[in-house]
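Dropping final.txt in here (compact mmCIF, C-alpha atoms):
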# COMPACT_ATOMS: atom_id res chain seq x y z
CA MET A 167 144.23 -118.05 19.34
CA ARG A 168 141.10 -116.31 20.63
CA LEU A 169 139.06 -119.40 19.80
CA LEU A 170 141.54 -121.57 21.69
CA ASN A 171 141.39 -119.32 24.75
CA THR A 172 137.61 -119.44 24.67
CA PHE A 173 137.75 -123.23 24.51
CA PHE A 174 140.05 -123.53 27.54
CA PHE A 175 137.95 -121.01 29.46
CA ASP A 176 134.77 -122.96 28.75
CA MET A 177 136.47 -126.20 29.80
CA ALA A 178 137.56 -124.57 33.04
CA VAL A 179 134.14 -123.31 34.00
CA PHE A 180 132.23 -126.35 32.69
CA PRO A 181 132.40 -128.19 36.07
CA VAL A 182 131.05 -125.05 37.68
CA TYR A 183 128.13 -125.10 35.25
CA ILE A 184 127.48 -128.75 36.04
CA TYR A 185 127.68 -128.15 39.78
CA SER A 186 125.38 -125.15 39.52
CA ILE A 187 122.83 -127.11 37.50
CA LYS A 188 123.07 -130.01 39.97
CA GLN A 189 122.50 -127.72 42.94
CA SER A 190 119.57 -126.05 41.18
CA LEU A 191 118.00 -129.42 40.47
CA ILE A 192 118.51 -130.53 44.06
CA GLN A 193 117.02 -127.30 45.38
CA GLU A 194 114.09 -127.44 42.97
CA GLY A 195 113.49 -131.07 43.84
CA ALA A 196 113.49 -130.18 47.52
CA ASN A 197 111.04 -127.36 46.86
CA ILE A 198 108.77 -129.67 44.90
CA MET A 199 108.85 -132.27 47.66
CA LYS A 200 108.17 -129.62 50.28
CA ARG A 201 105.22 -128.29 48.30
CA LEU A 202 103.94 -131.83 47.77
CA ILE A 203 104.17 -132.67 51.47
CA LEU A 204 102.50 -129.40 52.41
CA SER A 205 99.75 -129.97 49.84
CA ILE A 206 99.05 -133.44 51.20
CA ALA A 207 99.11 -132.13 54.76
CA LEU A 208 96.79 -129.28 53.84
CA LEU A 209 94.42 -131.65 52.07
CA ILE A 210 94.31 -133.95 55.08
CA CYS A 211 93.99 -131.07 57.51
CA THR A 212 91.20 -129.23 55.72
CA SER A 213 89.22 -132.05 54.13
CA GLY A 214 88.42 -133.94 57.29
CA ALA A 215 90.30 -137.02 56.15
CA PHE A 216 90.39 -138.15 59.73
CA ALA A 217 86.63 -137.93 59.96
CA GLU A 218 84.42 -140.98 59.95
CA SER A 219 81.58 -141.36 57.45
CA VAL A 220 78.56 -142.47 59.46
CA TYR A 221 75.31 -143.76 57.95
CA TYR A 222 72.12 -142.69 59.72
CA ILE A 223 68.78 -144.22 58.71
CA SER A 224 65.27 -143.34 59.80
CA SER A 225 62.08 -145.18 58.99
CA TYR A 226 58.41 -145.22 59.86
CA GLY A 227 58.80 -148.27 62.07
CA ASP A 228 62.45 -148.49 63.10
CA GLY A 229 63.10 -145.03 64.52
CA LEU A 230 66.58 -143.51 64.22
CA VAL A 231 69.48 -145.91 63.73
CA LYS A 232 73.20 -145.60 63.07
CA LEU A 233 75.16 -148.21 61.17
CA ASP A 234 78.10 -149.92 62.82
CA GLY A 235 79.46 -151.80 59.85
CA SER A 236 76.41 -153.68 58.60
CA GLN A 237 74.64 -153.62 61.96
CA ALA A 238 71.86 -151.07 62.54
CA VAL A 239 72.21 -149.73 66.07
CA LEU A 240 69.04 -148.17 67.47
CA LEU A 241 69.65 -144.64 68.73
CA ASP A 242 66.11 -143.66 69.64
CA LYS A 243 62.50 -144.54 68.99
CA PRO A 244 60.08 -142.66 71.24
CA SER A 245 56.87 -144.57 71.85
CA GLY A 246 54.33 -143.78 69.13
CA SER A 247 56.82 -141.97 66.91
CA HIS A 248 57.32 -142.40 63.19
CA PHE A 249 60.63 -140.85 62.12
CA LEU A 250 60.57 -140.08 58.40
CA SER A 251 63.39 -137.68 57.58
CA ILE A 252 66.92 -136.86 58.72
CA SER A 253 68.84 -133.71 57.88
CA SER A 254 71.97 -132.04 59.18
CA TYR A 255 71.63 -129.08 61.52
CA PRO A 256 74.24 -126.50 62.55
CA GLY A 257 76.34 -127.38 65.55
CA ASN A 258 76.96 -131.04 64.69
CA LYS A 259 73.33 -132.00 65.12
CA LEU A 260 70.75 -134.15 63.37
CA LEU A 261 67.24 -132.86 62.74
CA VAL A 262 64.62 -135.63 62.61
CA SER A 263 60.97 -135.18 61.66
CA ASN A 264 58.19 -137.14 63.35
CA TYR A 265 55.01 -138.14 61.55
CA ALA A 266 52.73 -138.52 64.55
CA SER A 267 50.15 -136.60 66.54
CA SER A 268 50.05 -135.57 70.20
CA MET A 269 53.84 -135.66 70.50
CA PRO A 270 56.85 -133.61 69.34
CA ASP A 271 57.20 -132.96 65.63
CA LEU A 272 60.94 -132.25 65.57
CA TYR A 273 63.78 -134.01 67.38
CA TYR A 274 67.36 -132.81 67.66
CA TYR A 275 70.17 -135.31 68.30
CA ASP A 276 73.93 -135.17 68.49
CA TYR A 277 75.95 -137.51 66.29
CA ASP A 278 76.03 -140.15 69.00
CA GLY A 279 72.24 -140.25 69.14
CA ASN A 280 71.76 -138.34 72.38
CA LEU A 281 68.47 -136.44 72.39
CA LEU A 282 69.17 -132.73 72.75
CA GLN A 283 65.70 -131.27 72.27
CA SER A 284 62.22 -132.13 71.04
CA ILE A 285 59.67 -129.57 69.88
CA GLU A 286 55.96 -129.82 69.24
CA VAL A 287 55.21 -127.20 66.62
CA GLY A 288 51.54 -128.02 66.12
CA LYS A 289 50.70 -131.69 65.58
CA HIS A 290 50.87 -131.35 61.82
CA TYR A 291 52.16 -134.79 60.82
CA VAL A 292 55.54 -133.64 59.55
CA LYS A 293 56.69 -135.69 56.57
CA ASP A 294 59.94 -133.86 55.86
CA ALA A 295 62.02 -131.11 57.46
CA ALA A 296 65.18 -129.22 56.54
CA PHE A 297 67.21 -126.28 57.79
CA ALA A 298 67.56 -123.24 55.52
CA SER A 299 70.39 -120.72 55.38
CA ASN A 300 68.08 -118.00 56.71
CA GLY A 301 68.07 -119.82 60.04
CA ASN A 302 64.57 -121.27 59.82
CA ILE A 303 63.30 -124.82 59.54
CA TYR A 304 60.91 -125.65 56.70
CA MET A 305 58.62 -128.65 56.94
CA ALA A 306 56.26 -130.56 54.69
CA GLY A 307 53.02 -131.01 56.61
CA PHE A 308 50.75 -133.77 55.41
CA ALA A 309 47.48 -133.46 57.34
CA GLY A 310 45.08 -131.31 55.36
CA GLY A 311 42.20 -129.21 56.61
CA TYR A 312 41.98 -127.14 59.78
CA THR A 313 42.03 -127.78 63.53
CA ASN A 314 40.43 -125.13 65.76
CA GLY A 315 40.83 -122.62 62.98
CA GLN A 316 44.53 -123.38 62.53
CA PRO A 317 45.53 -124.83 59.15
CA ASN A 318 47.16 -128.22 59.12
CA GLY A 319 49.67 -129.32 56.54
CA GLY A 320 51.22 -127.07 53.96
CA LEU A 321 54.73 -125.66 53.86
CA MET A 322 55.45 -124.80 57.46
CA MET A 323 58.20 -122.53 58.74
CA TYR A 324 59.54 -122.63 62.28
CA ASP A 325 61.89 -119.84 63.39
CA GLY A 326 62.69 -121.29 66.78
CA SER A 327 59.66 -119.90 68.55
CA THR A 328 56.79 -119.36 66.12
CA LEU A 329 55.20 -121.59 63.50
CA THR A 330 53.85 -120.01 60.32
CA ILE A 331 52.60 -121.45 57.06
CA PRO A 332 53.87 -119.15 54.30
CA ALA A 333 52.58 -121.23 51.40
CA PHE A 334 50.43 -124.19 50.34
CA THR A 335 48.11 -123.76 53.31
CA ALA A 336 46.18 -126.93 54.19
CA SER A 337 47.87 -128.86 51.38
CA GLN A 338 49.04 -132.43 51.85
CA LEU A 339 52.76 -132.15 51.25
CA TYR A 340 55.06 -135.13 51.16
CA ALA A 341 58.57 -133.81 50.63
CA THR A 342 60.68 -130.68 50.64
CA ALA A 343 64.27 -129.93 49.66
CA VAL A 344 65.95 -126.66 50.57
CA THR A 345 68.70 -125.45 48.22
CA SER A 346 71.66 -123.27 49.12
CA SER A 347 70.06 -120.40 47.20
CA ASN A 348 66.96 -120.42 49.42
CA LEU A 349 64.80 -122.13 46.84
CA ILE A 350 62.57 -124.88 48.20
CA TYR A 351 61.24 -127.77 46.16
CA VAL A 352 57.83 -128.93 47.33
CA ALA A 353 55.90 -132.07 46.37
CA ASP A 354 52.13 -132.15 46.78
CA TYR A 355 50.71 -135.60 47.47
CA SER A 356 47.02 -135.24 46.66
CA TYR A 357 47.32 -133.53 43.28
CA ARG A 358 50.76 -134.90 42.41
CA ASN A 359 52.33 -131.54 41.72
CA LEU A 360 55.92 -130.36 41.97
CA PHE A 361 56.61 -126.75 42.90
CA SER A 362 59.47 -124.45 43.71
CA TYR A 363 59.07 -121.80 46.40
CA ASN A 364 61.40 -118.82 46.77
CA ILE A 365 62.01 -118.06 50.44
CA SER A 366 63.09 -114.48 49.75
CA THR A 367 60.29 -113.40 47.44
CA GLY A 368 57.51 -115.87 48.26
CA SER A 369 57.02 -116.65 44.58
CA ILE A 370 55.77 -120.09 43.59
CA VAL A 371 56.55 -121.80 40.30
CA THR A 372 54.69 -124.92 39.19
CA LEU A 373 57.31 -127.22 37.72
CA ARG A 374 55.05 -130.21 37.05
CA SER A 375 51.33 -130.71 37.58
CA SER A 376 49.08 -133.77 37.67
CA MET A 377 51.96 -136.22 37.49
CA SER A 378 51.18 -139.91 37.10
CA TRP A 379 52.64 -140.67 40.54
CA SER A 380 53.28 -139.00 43.88
CA ILE A 381 56.73 -137.90 44.94
CA GLY A 382 57.48 -139.42 48.33
CA TRP A 383 61.13 -138.45 48.82
CA MET A 384 63.57 -135.90 47.45
CA ASP A 385 67.30 -135.34 47.70
CA LEU A 386 69.63 -132.64 46.44
CA GLY A 387 72.81 -133.65 44.66
CA ALA A 388 75.72 -131.69 43.28
CA ASN A 389 74.90 -128.08 42.38
CA ASP A 390 71.51 -128.40 44.12
CA THR A 391 70.19 -130.74 41.43
CA LEU A 392 66.93 -132.36 42.52
CA TYR A 393 66.44 -136.13 42.57
CA PHE A 394 63.25 -137.94 43.56
CA ASN A 395 61.50 -141.30 43.39
CA GLY A 396 60.09 -142.42 40.07
CA PRO A 397 56.72 -143.98 39.19
CA ASN A 398 58.02 -147.33 40.40
CA ARG A 399 60.45 -148.09 43.18
CA GLN A 400 63.27 -149.13 40.86
CA VAL A 401 63.80 -145.68 39.34
CA VAL A 402 65.38 -142.40 40.46
CA GLN A 403 64.32 -139.29 38.55
CA ARG A 404 66.37 -136.14 37.99
CA LEU A 405 64.79 -132.74 37.50
CA ASN A 406 65.91 -130.81 34.43
CA GLY A 407 64.26 -127.40 34.35
CA THR A 408 60.56 -128.19 34.26
CA SER A 409 61.06 -131.71 32.91
CA TYR A 410 62.59 -134.84 34.39
CA TYR A 411 64.16 -138.07 33.21
CA ASN A 412 65.29 -141.46 34.50
CA TRP A 413 68.66 -140.74 36.12
CA PHE A 414 69.18 -144.25 37.47
CA SER A 415 67.30 -147.52 37.56
CA MET A 416 68.01 -150.79 39.30
CA SER A 417 66.04 -153.98 38.87
CA GLY A 418 65.33 -156.42 41.65
CA VAL A 419 65.17 -153.85 44.44
CA ASP A 420 62.98 -151.22 46.00
CA ILE A 421 64.90 -147.94 46.16
CA LEU A 422 64.13 -146.42 49.55
CA SER A 423 66.34 -143.34 49.76
CA LEU A 424 69.17 -141.47 48.08
CA ASP A 425 71.79 -139.27 49.71
CA TYR A 426 74.59 -137.20 48.19
CA ASN A 427 77.84 -136.89 50.10
CA ASP A 428 79.42 -133.59 49.11
CA VAL A 429 82.69 -134.61 50.77
CA ASP A 430 83.52 -137.50 48.43
CA GLY A 431 81.17 -136.55 45.57
CA TYR A 432 79.34 -139.88 45.51
CA TYR A 433 75.66 -140.74 45.78
CA TYR A 434 74.52 -143.45 48.17
CA LEU A 435 71.38 -145.46 47.58
CA LEU A 436 69.49 -147.44 50.22
CA ALA A 437 67.68 -150.38 48.64
CA LYS A 438 65.72 -153.43 49.73
CA SER A 439 66.06 -156.63 47.73
CA LEU A 440 62.84 -158.00 46.27
CA SER A 441 64.15 -161.57 46.38
CA ASP A 442 65.37 -161.93 49.96
CA SER A 443 64.26 -158.64 51.62
CA THR A 444 67.82 -157.71 52.60
CA PHE A 445 68.87 -154.08 52.91
CA ASP A 446 71.97 -152.80 51.10
CA ILE A 447 73.64 -149.48 50.35
CA PHE A 448 75.14 -148.89 46.91
CA GLN A 449 77.58 -146.22 45.79
CA LEU A 450 76.82 -144.24 42.63
CA ILE A 451 78.56 -141.59 40.59
CA ASP A 452 77.09 -139.13 38.11
CA VAL A 453 78.49 -139.61 34.60
CA ASN A 454 77.28 -137.17 31.96
CA GLY A 455 74.01 -136.60 33.78
CA TYR A 456 73.22 -140.22 34.60
CA GLY A 457 73.80 -142.31 37.69
CA GLN A 458 76.13 -145.28 37.45
CA LEU A 459 77.10 -147.86 40.04
CA VAL A 460 80.71 -147.54 41.15
CA SER A 461 80.63 -151.28 41.81
CA ALA A 462 77.97 -153.94 41.47
CA ALA A 463 78.74 -154.93 45.04
CA PRO A 464 77.14 -152.77 47.74
CA VAL A 465 79.35 -150.68 50.02
CA VAL A 466 77.24 -151.88 52.95
CA GLU A 467 75.74 -155.33 52.45
CA ASP A 468 72.90 -157.12 54.23
CA ILE A 469 72.19 -154.56 56.94
CA GLN A 470 71.04 -156.28 60.11
CA GLY A 471 68.54 -154.78 62.52
CA LEU A 472 66.15 -153.06 60.11
CA THR A 473 62.70 -154.54 60.62
CA HIS A 474 60.32 -152.03 59.06
CA GLY A 475 58.78 -153.85 56.13
CA SER A 476 57.15 -151.03 54.19
CA THR A 477 58.80 -149.77 51.02
CA PHE A 478 56.36 -146.91 50.58
CA ALA A 479 58.09 -143.86 49.11
CA GLY A 480 58.82 -141.45 51.94
CA ASP A 481 58.84 -144.04 54.73
CA TRP A 482 62.64 -144.08 54.76
CA ASP A 483 65.50 -141.60 54.81
CA MET A 484 69.27 -141.91 54.93
CA LYS A 485 71.86 -139.30 55.77
CA ILE A 486 75.63 -139.69 55.59
CA ILE A 487 77.51 -137.46 58.00
CA ASP A 488 81.28 -137.10 57.98
CA VAL A 489 81.67 -136.94 61.73
CA PRO A 490 84.91 -135.28 62.92
CA ALA A 491 87.08 -137.61 64.94
CA SER A 492 86.99 -135.16 67.83
CA VAL A 493 83.21 -135.56 68.03
CA SER A 494 83.04 -139.33 68.12
CA ILE A 495 86.36 -140.13 69.83
CA PRO A 496 86.81 -138.51 73.25
CA GLU A 497 90.51 -139.41 73.62
CA PRO A 498 92.89 -138.34 70.81
CA SER A 499 93.86 -141.29 68.65
CA SER A 500 97.23 -141.65 66.96
CA MET A 501 95.67 -140.70 63.63
CA ALA A 502 94.09 -137.62 65.15
CA LEU A 503 97.46 -136.62 66.65
CA LEU A 504 99.08 -137.10 63.25
CA GLY A 505 96.41 -134.91 61.70
CA ALA A 506 97.01 -132.22 64.31
CA ALA A 507 100.76 -132.38 63.67
CA LEU A 508 100.23 -132.00 59.93
CA CYS A 509 97.96 -129.02 60.51
CA ALA A 510 100.67 -127.46 62.68
CA VAL A 511 103.19 -127.95 59.87
CA VAL A 512 100.84 -126.25 57.43
CA ARG A 513 100.31 -123.29 59.75
CA ARG A 514 104.08 -122.94 60.32
CA PHE A 515 104.98 -122.82 56.65
CA ARG A 516 102.02 -120.61 55.77
CA SER A 517 103.22 -118.03 58.29
CA ARG A 518 106.60 -117.74 56.61
Is it possible to express this structure as structure tokens?
Amino acid sequence: MRLLNTFFFDMAVFPVYIYSIKQSLIQEGANIMKRLILSIALLICTSGAFAESVYYISSYGDGLVKLDGSQAVLLDKPSGSHFLSISSYPGNKLLVSNYASSMPDLYYYDYDGNLLQSIEVGKHYVKDAAFASNGNIYMAGFAGGYTNGQPNGGLMMYDGSTLTIPAFTASQLYATAVTSSNLIYVADYSYRNLFSYNISTGSIVTLRSSMSWSIGWMDLGANDTLYFNGPNRQVVQRLNGTSYYNWFSMSGVDILSLDYNDVDGYYYLLAKSLSDSTFDIFQLIDVNGYGQLVSAAPVVEDIQGLTHGSTFAGDWDMKIIDVPASVSIPEPSSMALLGAALCAVVRRFRSR
């Protein structure tokens, strides 16, 4: 009899069990959907998904250009200038180095190419320049020797008012790369050496000496890994401690520059075809320590408007900037308004 009572009791409450389970599943599903929507909104809001990836290119003969699709749009080319490097600078600015005498060495531009400031730090033929986390600009000066007792070339530091040369005085330097840990890689042209220089301690480590070729350009990838041009223009080298190896090679082109986009995690390679002299940009990804093309087709094909013919290592630079929509678009677009709305949703639910 007890067993029978238990049976009828279970049958009576069984619909309640089912209803409870159903409601729990509905509630959990709603929670999952809410978390999913919030996660997507947060990703869009914080990752700059509404930003525009803009390609900037500088070269010895073409000045500073910005790509509009496959068209190179000239932003600036002061008379007599030779722009060799582009780097990002705090405050949504571009820092461009000028390899020329009797005119400014550094130029600051906004993302639309408007000249904000130009500075002559000493007529030192600046090959490369980059901003460090200590607030200073470090430059690779090429001209060796002295002028009126002041050393030319070397690793130059500019703090906004004063130029000093903390290391490699009077050396002919071709390239520098400043890491997030205040370590600077330095390439010497004349003796074909590769050094690291510690900003904090001033210590210098010789990584490679008397190499068989000169390093003309450098770029930092993920985790501040150093990449640079190889002995021929079809190879990109990767530094591994004090040794290096062929990270990527591509036949039929001259590799002019490499840039790592830390937003999407891809590498972008500017190359000039040996067969028809066209300029293309290819997208690469690092797989187990080696570069691989994401697609055989370039992401930007047959760039128009680049006329500088030299493929000398160091004559070109490319920088990809993820420009916020608010910087390049004065009036709020529908996508920007959607992004703002999603950000508001995120803030509302986070405050609960």
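Those DNA, RNA and protein residues that approach the point (75.7, -136.6, 50.3) to within 6 Å, considering all atoms listed in the file, are Asp425, Tyr426, Asn427 and Asp428 of chain A.
When atom CA of Asp385 of chain A is paired with atom CA of Ala341 of chain A, their separation reads 9.3 Å.
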Mind working out the centre and edge lengths of an axis-aligned box for segment 367-373 of chain A, all listed atoms inside, 3 Å added to each side, rounded to one decimal in Å and written as lines of an AutoDock Vina configuration file?
center_x = 57.5
center_y = -120.3
center_z = 43.0
size_x = 11.6
size_y = 19.8
size_z = 16.5
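Residues having any atom no farther than 10 Å from (73.7, -124.8, 71.5) (counting only C-alpha atoms) are Pro256, Gly257, Asn258, Lys259 and Leu282 of chain A.
Atom pair atom CA of Tyr357 of chain A / atom CA of Lys293 of chain A has a distance of 16.4 Å (rounded to one decimal).
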Q: Name all residues at most 8 Å from Asp325 of chain A (count only C-alpha atoms; drop same-chain ones fewer than 5 positions away) and give them as JSON, numbers by chain.
A: {"A": [301, 302, 303]}
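Nearest to Glu218 of chain A of all the residues A:Leu233, A:Val489, A:Leu250, A:Ala437 is A:Val489, based on all atoms listed in the file.
Take atom CA of Phe448 of chain A and atom CA of Thr391 of chain A: the distance between them is 19.6 Å.
Minimum distance to Asp488 of chain A across A:Ser254, A:Ser245, A:Asn348, A:Asn364 (counting all atoms listed in the file) occurs at A:Ser254.
Counting only C-alpha atoms and comparing A:Gly319, A:Gly326, A:Gly307, A:Gly246, the residue that lies closest to Ile285 of chain A is A:Gly326.
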All residues 10 Å or closer to Gly235 of chain A, all atoms listed in the file, same chain fewer than 3 positions away omitted, as a compact mmCIF listing (two decimals) with C-alpha atoms, in the frame of the given file:
# COMPACT_ATOMS: atom_id res chain seq x y z
CA VAL A 220 78.56 -142.47 59.46
CA TYR A 221 75.31 -143.76 57.95
CA LYS A 232 73.20 -145.60 63.07
CA ALA A 238 71.86 -151.07 62.54
CA VAL A 239 72.21 -149.73 66.07
CA VAL A 465 79.35 -150.68 50.02
CA VAL A 466 77.24 -151.88 52.95
CA GLU A 467 75.74 -155.33 52.45
CA ILE A 469 72.19 -154.56 56.94
CA GLN A 470 71.04 -156.28 60.11
Q | Closest of A:Asn398, A:Ser356, A:Ser409, A:Ser346 to Leu373 of chain A - atom-to-atom distances counting all atoms listed in the file | A | A:Ser409
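Comparing the minimum interatomic distances between Ser439 of chain A and each of A:Pro464, A:Gly455, A:Gly480, A:Gly396, counting all atoms listed in the file, we find that A:Pro464 sits nearest.
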Q) Residues at most 10 Å from Ile370 of chain A, counting all atoms listed in the file, excluding those fewer than 5 positions away in the same chain, as a PyMOL selection string? A) chain A and resi 333-334+349-352+361-365
Q. Using only C-alpha atoms, which of the listed residues (A:Leu260, A:Leu459, A:Ile223, A:Ala298) sits closest to Leu422 of chain A?
A. A:Ile223
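Residues in contact range of Ser376 of chain A, defined as at most 10 Å between only C-alpha atoms, with sequence neighbours fewer than 3 positions away removed, read Asp354, Ser356, Tyr357, Arg358, Asn359, Leu360, Trp379 and Ser380 of chain A.
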(Q) List as a PyMOL selection string the protein and nucleic acid residues near Ser417 of chain A, meaning an atom at most 7 Å away when all atoms listed in the file are counted, but skip any in the same chain fewer than 2 places from it. (A) chain A and resi 400+415+419
